[in-house]
There are 2 protein chains.
Amino acid sequence: MKTRLARPLGLAVALTFALGACASNLGGRPAPSPHATLSSWQPGATRAALEGFVARVSDPESPDFVPASERVAVFDNDGTLWAEQPAYFQLLFAVDRVRAMALDHPEWNNQQPYQAVLEGDMEALAASGHEGLKTLLAVSHVGMTTGEFEAQVRAWVEDARHPTSGRPYTAMVYQPMLELLEYLRAHGFKTFIVSGGGIDFMRVFTEEVYGIPPEQVVGTSIELRYEERDGEPVLVRLPELSLLDDKAGKPVGIQRYIGRRPILAFGNSDGDFEMLKWTAAGDGARLCGLVRHTDAVREWAYDRQSKIGRLDAALDAAVEREWLVVDMAQDWSAVFPSNDAGTHD
Amino acid sequence: MKTRLARPLGLAVALTFALGACASNLGGRPAPSPHATLSSWQPGATRAALEGFVARVSDPESPDFVPASERVAVFDNDGTLWAEQPAYFQLLFAVDRVRAMALDHPEWNNQQPYQAVLEGDMEALAASGHEGLKTLLAVSHVGMTTGEFEAQVRAWVEDARHPTSGRPYTAMVYQPMLELLEYLRAHGFKTFIVSGGGIDFMRVFTEEVYGIPPEQVVGTSIELRYEERDGEPVLVRLPELSLLDDKAGKPVGIQRYIGRRPILAFGNSDGDFEMLKWTAAGDGARLCGLVRHTDAVREWAYDRQSKIGRLDAALDAAVEREWLVVDMAQDWSAVFPSNDAGTHD
């Protein structure tokens with residue numbers, strides 16, 4: 001999860017509460033295109049740049065050819081592969097977890113920041129500040145075993161609904177990016193997520209939603225402790241950060257998990273700037289891309305002034321370095337998977 | 001690298017010095033069998049157990065069938081995929097690096113533990129103890145960029161020779177295990193290393209030697225810091241441990257890097273015990289194996305009393321739980337790749 005979460009949380013909680021309890025039918029998951037074409041990308045310079053790069057690095061006759069084993073492509077998640085408004089989805093998970101856990105914690109009714117979440121009291125929640133936010137994240141993310149946490153995330157992914165669209169969160173993914181992931185894999189790339197989001201949170205759904213298996217997910221992680229409970233080994237999630245996979249932490253995460261430099265990287269915010277610079281600085285052909293949120297009708301429009309997914313310094317650099325800036329409004333013929341074709345519900 | 005290195009270092013350094021400087025021809029790298037058969041495994045119960053398990057989990061008609069995406073196999077490295085005598089090879093790398101770096105450090109001629117290494121003075125080195133060892137490891141492993149370290153390891157892998165066999169270290173790998181890795185991959189498994197050795201040390205050679213790419217290597221790691229030097233991004237290796245991937249650290253490393261539980265795990269020492277227990281505790285068909293060093297003629301014979309690769313508690317457990325114990329002397333028709341077929345020099 002990226003930093004500076006306090007303000008978005010207020011908005012998110014307000015919206016979550018305004019929409020009331022979630023329905024509990026199964027979560028929708030878009031299937032990647034079997035034909036591996038960029039059909040939701042408008043014909044034009046952006047699509048041509050993607051297709052041209054992939055052709056250059058995968059054609060053995062090309063001077064820019066890169067062996068398949070080195071065709072590593074990394075993608076940010078929040079705002080790059082799925083939406084991040086009105087708040088990072090993992091934060092909405094934390095809020096939902098606190099509400100679910102409250103049944104076993106009657107004392108939370110009179111204890112901040114829990115009381116604020118339970119009563120939808122935005123003023124009180126804002127007053128709890130960064131410490132309040134940390135408390136909500138801690139209570140929903142640490143202390144349990146990895147197996148318990150996975151089950152909690154899985155249940156949330158299936159049941160929870162996005163506050164404005166009413167769709168499962170896993171249907172709030174970008175259809176053109178699903179196609180790009182599949183297109184890259186069809187051309188021998190190995191696709192990875194490199195996100196500020198929690199690694200074990202994302203791993204629950206990335207394989208089904210993006211075709212990216214758990215071992216190709218890099219994210220913010222906490223320390224774990226091995227224990228044996230009645231002879232049964234468990235891993236316990238500890239309140240100690242192992243990697244903050246954002247900004248300068250992204251190249252660190254790439255080296256820690258992947259061990260070689262990507263040749264393609266996509267992000268959408270200043271949190272991805274160092275990852276893009278790290279990718280660009282390698283030898284040979286490189287593609288660095290930014291998804292720019294320009295579509296207030298089909299998605300959201302925000303960049304330089306946004307509290308979530310602020311895109312400012314990296315946007316200036318993209319212009320200067322001729323990185324690929326994807327304009328959602330202009331470049332994408334569809335934003336989300338259609339209800340019919342793309343989801344299971 | 002596993003713990004308790006002080007004693008083996010003395011022996012290793014003695015042997016390294018006894019054999020003098022290394023030749024500098026290219027390092028040999030065995031190619032995995034293209035036919036993916038276990039031809040260096042003697043016919044018998046051990047080989048049958050491996051073949052039977054692989055058949056059961058990869059046959060869609062079998063009640064033990066496991067989808068390919070979940071066919072995760074993990075292997076310890078030192079003593080399981082390559083030899084670990086007379087000392088962990090990474091420690092011999094550290095010694096060789098100190099000798100190479102001494103040209104730029106004339107002060108080391110009068111400073112312990114460097115002086116002991118440079119003069120081959122075993123008594124002085126032993127007197128420097130655990131702190132001396134840590135100093136040698138630190139000076140050879142931290143402070144440089146990831147790119148510089150990779151180049152140093154690569155040069156060592158090409159030039160250095162094993163003190164008793166005179167072969168490249170990457171030729172000191174077990175032919176039957178190369179065949180097993182290839183056999184598993186031919187049956188849809190994804191193969192990983194989970195080793196106490198340094199992650200970025202191993203990654204230099206694992207793809208060429210084992211067919212295991214850098215992103216499928218889990219190992220002991222240190223913290224990294226992102227910097228920009230004259231506009232060029234670099235990652236600097238810091239003197240701070242990120243993960244000690246040994247004993248209880250192995251299941252932690254598996255969760256951190258892979259994010260799902262293996263169905264097959266192979267080790268050779270008590271350092272692998274928790275990894276084996278973690279693997280065994282999952283649902284469905286499982287195979288846990290131990291390589292037992294029983295061959296004093298072709299390799300080395302050691303287990304319960306050894307300072308390196310001690311196999312004691314895990315061996316008792318293996319008998320009790322019916323894990324597969326591979327007896328090198330009995331079960332392997334060849335130990336190392338032949339000079340002709342297996343290496344490039």
# chains A, B, ... in the order shown; residues from 1 in each chain; ligands from 1
>>> closest_atom_pairs(of="chain B", to="chain A", cutoff="8 Å", atoms="only C-alpha atoms", output="CSV")
residue,atom,partner,partner_atom,distance
B:Ser69,CA,A:Pro213,CA,7.8
B:Asp200,CA,A:Gly259,CA,7.2
B:Arg203,CA,A:Gly259,CA,7.2
B:Pro213,CA,A:Ser69,CA,7.8
B:Pro214,CA,A:Gly259,CA,5.4
B:Glu215,CA,A:Ile258,CA,4.2
B:Gln216,CA,A:Ile258,CA,7.8
B:Ser221,CA,A:Arg256,CA,7.8
B:Leu224,CA,A:Val252,CA,6.1
B:Arg225,CA,A:Val252,CA,6.9
B:Tyr226,CA,A:Ala248,CA,5.8
B:Glu232,CA,A:Ala281,CA,7.0
B:Pro233,CA,A:Trp278,CA,6.0
B:Val234,CA,A:Trp278,CA,7.9
B:Leu235,CA,A:Val252,CA,7.1
B:Ser242,CA,A:Ser242,CA,7.6
B:Ala248,CA,A:Tyr226,CA,5.8
B:Gly249,CA,A:Tyr226,CA,7.4
B:Pro251,CA,A:Tyr226,CA,7.0
B:Val252,CA,A:Leu224,CA,6.1
B:Arg256,CA,A:Ser221,CA,7.8
B:Tyr257,CA,A:Glu215,CA,6.0
B:Ile258,CA,A:Glu215,CA,4.2
B:Gly259,CA,A:Pro214,CA,5.4
B:Arg260,CA,A:Pro214,CA,7.1
B:Lys277,CA,A:Pro233,CA,7.1
B:Trp278,CA,A:Pro233,CA,6.0
B:Ala281,CA,A:Glu232,CA,7.0
>>> write_last_selection(atoms="N, CA and C atoms", output="short mmCIF file (atom, residue, chain, number, x, y, z; two decimals), in the first residue's frame")
data_model
loop_
_atom_site.label_atom_id
_atom_site.label_comp_id
_atom_site.auth_asym_id
_atom_site.auth_seq_id
_atom_site.Cartn_x
_atom_site.Cartn_y
_atom_site.Cartn_z
N SER B 69 0.16 -25.60 -11.90
CA SER B 69 0.55 -24.35 -11.24
C SER B 69 0.93 -24.58 -9.78
N ASP B 200 22.08 -13.67 -4.10
CA ASP B 200 22.67 -13.05 -5.29
C ASP B 200 23.98 -13.71 -5.69
N ARG B 203 22.43 -16.76 -7.77
CA ARG B 203 21.74 -16.38 -9.00
C ARG B 203 22.66 -16.23 -10.20
N PRO B 213 16.04 -20.17 -13.05
CA PRO B 213 16.30 -18.74 -13.29
C PRO B 213 16.39 -17.98 -11.96
N PRO B 214 17.00 -16.79 -11.99
CA PRO B 214 17.22 -16.00 -10.77
C PRO B 214 15.96 -15.81 -9.93
N GLU B 215 14.83 -15.63 -10.60
CA GLU B 215 13.58 -15.35 -9.87
C GLU B 215 13.03 -16.58 -9.18
N GLN B 216 13.66 -17.74 -9.37
CA GLN B 216 13.25 -18.95 -8.65
C GLN B 216 14.32 -19.40 -7.65
N SER B 221 19.64 -13.30 2.33
CA SER B 221 19.80 -12.02 1.63
C SER B 221 20.10 -10.91 2.61
N LEU B 224 19.33 -3.85 0.71
CA LEU B 224 19.89 -3.07 -0.39
C LEU B 224 19.42 -1.61 -0.27
N ARG B 225 20.22 -0.68 -0.76
CA ARG B 225 19.80 0.72 -0.78
C ARG B 225 19.89 1.25 -2.20
N TYR B 226 18.78 1.88 -2.65
CA TYR B 226 18.74 2.51 -3.97
C TYR B 226 19.41 3.87 -3.89
N GLU B 232 22.79 7.95 -12.44
CA GLU B 232 22.69 6.51 -12.75
C GLU B 232 22.19 5.76 -11.52
N PRO B 233 21.05 5.05 -11.62
CA PRO B 233 20.56 4.33 -10.44
C PRO B 233 21.41 3.10 -10.14
N VAL B 234 21.72 2.91 -8.88
CA VAL B 234 22.45 1.70 -8.45
C VAL B 234 21.80 1.16 -7.17
N LEU B 235 22.04 -0.10 -6.90
CA LEU B 235 21.62 -0.72 -5.64
C LEU B 235 22.87 -1.12 -4.88
N SER B 242 18.65 -9.37 5.67
CA SER B 242 17.22 -9.29 5.36
C SER B 242 16.53 -10.62 5.67
N ALA B 248 14.37 -22.50 10.60
CA ALA B 248 13.03 -21.91 10.58
C ALA B 248 12.90 -20.78 9.57
N GLY B 249 14.04 -20.27 9.08
CA GLY B 249 14.00 -19.24 8.05
C GLY B 249 13.59 -19.79 6.69
N PRO B 251 10.98 -22.02 5.76
CA PRO B 251 9.55 -21.80 5.46
C PRO B 251 9.20 -20.32 5.31
N VAL B 252 9.86 -19.46 6.08
CA VAL B 252 9.64 -18.02 5.93
C VAL B 252 10.06 -17.57 4.53
N ARG B 256 7.77 -15.94 1.69
CA ARG B 256 8.12 -14.61 1.21
C ARG B 256 8.28 -14.58 -0.30
N TYR B 257 8.98 -15.57 -0.84
CA TYR B 257 9.34 -15.53 -2.26
C TYR B 257 8.37 -16.28 -3.16
N ILE B 258 7.86 -17.40 -2.69
CA ILE B 258 7.06 -18.26 -3.57
C ILE B 258 5.57 -18.05 -3.30
N GLY B 259 5.22 -17.91 -2.04
CA GLY B 259 3.83 -17.59 -1.71
C GLY B 259 2.88 -18.76 -1.76
N ARG B 260 3.40 -19.93 -2.00
CA ARG B 260 2.57 -21.13 -1.80
C ARG B 260 3.46 -22.29 -1.37
N LYS B 277 9.28 -30.20 7.08
CA LYS B 277 8.05 -30.28 7.88
C LYS B 277 6.96 -29.39 7.29
N TRP B 278 7.34 -28.19 6.85
CA TRP B 278 6.38 -27.26 6.25
C TRP B 278 5.77 -27.85 4.98
N ALA B 281 3.38 -30.82 5.74
CA ALA B 281 2.13 -30.49 6.45
C ALA B 281 1.01 -30.02 5.52
#
>>> residues_around(residues="Ala127 (chain A)", least_positions_apart="3", cutoff="10 Å", atoms="only C-alpha atoms", output="JSON, numbers by chain")
{"A": [6, 112, 113, 116, 122, 123, 124, 130, 131, 132]}
>>> residues_around(residues="Arg47 (chain B)", least_positions_apart="5", cutoff="8 Å", atoms="only C-alpha atoms", output="PDB file with all heavy atoms, in the first residue's frame")
ATOM      1  N   LEU B  38      15.838 -40.433 -15.342  1.00  0.00           N
ATOM      2  CA  LEU B  38      16.680 -40.499 -14.153  1.00  0.00           C
ATOM      3  C   LEU B  38      17.774 -41.545 -14.358  1.00  0.00           C
ATOM      4  O   LEU B  38      17.917 -42.482 -13.573  1.00  0.00           O
ATOM      5  CB  LEU B  38      15.805 -40.828 -12.931  1.00  0.00           C
ATOM      6  CG  LEU B  38      14.667 -39.835 -12.664  1.00  0.00           C
ATOM      7  CD1 LEU B  38      13.856 -40.269 -11.433  1.00  0.00           C
ATOM      8  CD2 LEU B  38      15.211 -38.420 -12.467  1.00  0.00           C
ATOM      9  N   TRP B  41      20.279 -42.620 -11.672  1.00  0.00           N
ATOM     10  CA  TRP B  41      19.713 -43.211 -10.459  1.00  0.00           C
ATOM     11  C   TRP B  41      19.648 -44.722 -10.668  1.00  0.00           C
ATOM     12  O   TRP B  41      19.129 -45.191 -11.669  1.00  0.00           O
ATOM     13  CB  TRP B  41      18.302 -42.669 -10.201  1.00  0.00           C
ATOM     14  CG  TRP B  41      18.269 -41.197  -9.851  1.00  0.00           C
ATOM     15  CD1 TRP B  41      18.422 -40.154 -10.713  1.00  0.00           C
ATOM     16  CD2 TRP B  41      18.079 -40.639  -8.546  1.00  0.00           C
ATOM     17  NE1 TRP B  41      18.345 -38.965 -10.021  1.00  0.00           N
ATOM     18  CE2 TRP B  41      18.128 -39.236  -8.688  1.00  0.00           C
ATOM     19  CE3 TRP B  41      17.871 -41.176  -7.270  1.00  0.00           C
ATOM     20  CZ2 TRP B  41      17.980 -38.364  -7.611  1.00  0.00           C
ATOM     21  CZ3 TRP B  41      17.715 -40.307  -6.192  1.00  0.00           C
ATOM     22  CH2 TRP B  41      17.778 -38.922  -6.364  1.00  0.00           C
ATOM     23  N   GLN B  42      20.171 -45.474  -9.712  1.00  0.00           N
ATOM     24  CA  GLN B  42      20.117 -46.930  -9.822  1.00  0.00           C
ATOM     25  C   GLN B  42      18.651 -47.391  -9.806  1.00  0.00           C
ATOM     26  O   GLN B  42      17.835 -46.828  -9.078  1.00  0.00           O
ATOM     27  CB  GLN B  42      20.830 -47.587  -8.628  1.00  0.00           C
ATOM     28  CG  GLN B  42      22.309 -47.241  -8.498  1.00  0.00           C
ATOM     29  CD  GLN B  42      23.192 -48.013  -9.485  1.00  0.00           C
ATOM     30  OE1 GLN B  42      22.699 -48.653 -10.425  1.00  0.00           O
ATOM     31  NE2 GLN B  42      24.495 -47.927  -9.285  1.00  0.00           N
ATOM     32  N   ASP B 331      22.329 -45.417  -4.299  1.00  0.00           N
ATOM     33  CA  ASP B 331      21.264 -44.999  -5.220  1.00  0.00           C
ATOM     34  C   ASP B 331      21.756 -44.288  -6.481  1.00  0.00           C
ATOM     35  O   ASP B 331      20.993 -44.127  -7.425  1.00  0.00           O
ATOM     36  CB  ASP B 331      20.273 -44.092  -4.495  1.00  0.00           C
ATOM     37  CG  ASP B 331      19.474 -44.841  -3.428  1.00  0.00           C
ATOM     38  OD1 ASP B 331      19.180 -46.032  -3.658  1.00  0.00           O
ATOM     39  OD2 ASP B 331      19.147 -44.243  -2.378  1.00  0.00           O
TER      40      ASP B 331
END
>>> residues_around(residues="region 50-63 of chain B", least_positions_apart="3", cutoff="9 Å", atoms="only C-alpha atoms", output="PyMOL selection string")
chain B and resi 38+45-47+66-68+71+180+183-184+187-189+285-287+324
>>> select_by_dssp(residues="region 85-310 of chain A", states="helix (DSSP H, G or I)", output="PyMOL selection string")
chain A and resi 89-104+106-110+114-119+122-141+146-159+169-171+175-186+199-202+206-210+214-216+249-257+270-280
>>> residues_around(residues="Lys190 (chain A)", least_positions_apart="3", cutoff="7 Å", atoms="only C-alpha atoms", output="list in words")
Arg71, Val72, Ala73 and Arg185 of chain A
>>> write_last_selection(atoms="N, CA, C and O atoms", output="mmCIF file, in the first residue's frame")
data_model
loop_
_atom_site.group_PDB
_atom_site.id
_atom_site.type_symbol
_atom_site.label_atom_id
_atom_site.label_comp_id
_atom_site.auth_asym_id
_atom_site.auth_seq_id
_atom_site.Cartn_x
_atom_site.Cartn_y
_atom_site.Cartn_z
ATOM 1 N N ARG A 71 13.222 -11.502 -20.874
ATOM 2 C CA ARG A 71 12.046 -10.659 -21.167
ATOM 3 C C ARG A 71 11.175 -10.540 -19.916
ATOM 4 O O ARG A 71 10.102 -11.139 -19.816
ATOM 5 N N VAL A 72 11.663 -9.757 -18.983
ATOM 6 C CA VAL A 72 10.971 -9.546 -17.712
ATOM 7 C C VAL A 72 10.180 -8.245 -17.793
ATOM 8 O O VAL A 72 10.736 -7.191 -18.120
ATOM 9 N N ALA A 73 8.870 -8.333 -17.526
ATOM 10 C CA ALA A 73 7.992 -7.161 -17.544
ATOM 11 C C ALA A 73 7.369 -6.987 -16.172
ATOM 12 O O ALA A 73 6.842 -7.936 -15.601
ATOM 13 N N ARG A 185 2.970 -12.221 -22.543
ATOM 14 C CA ARG A 185 3.260 -13.638 -22.271
ATOM 15 C C ARG A 185 3.248 -14.459 -23.557
ATOM 16 O O ARG A 185 4.055 -15.379 -23.723
#
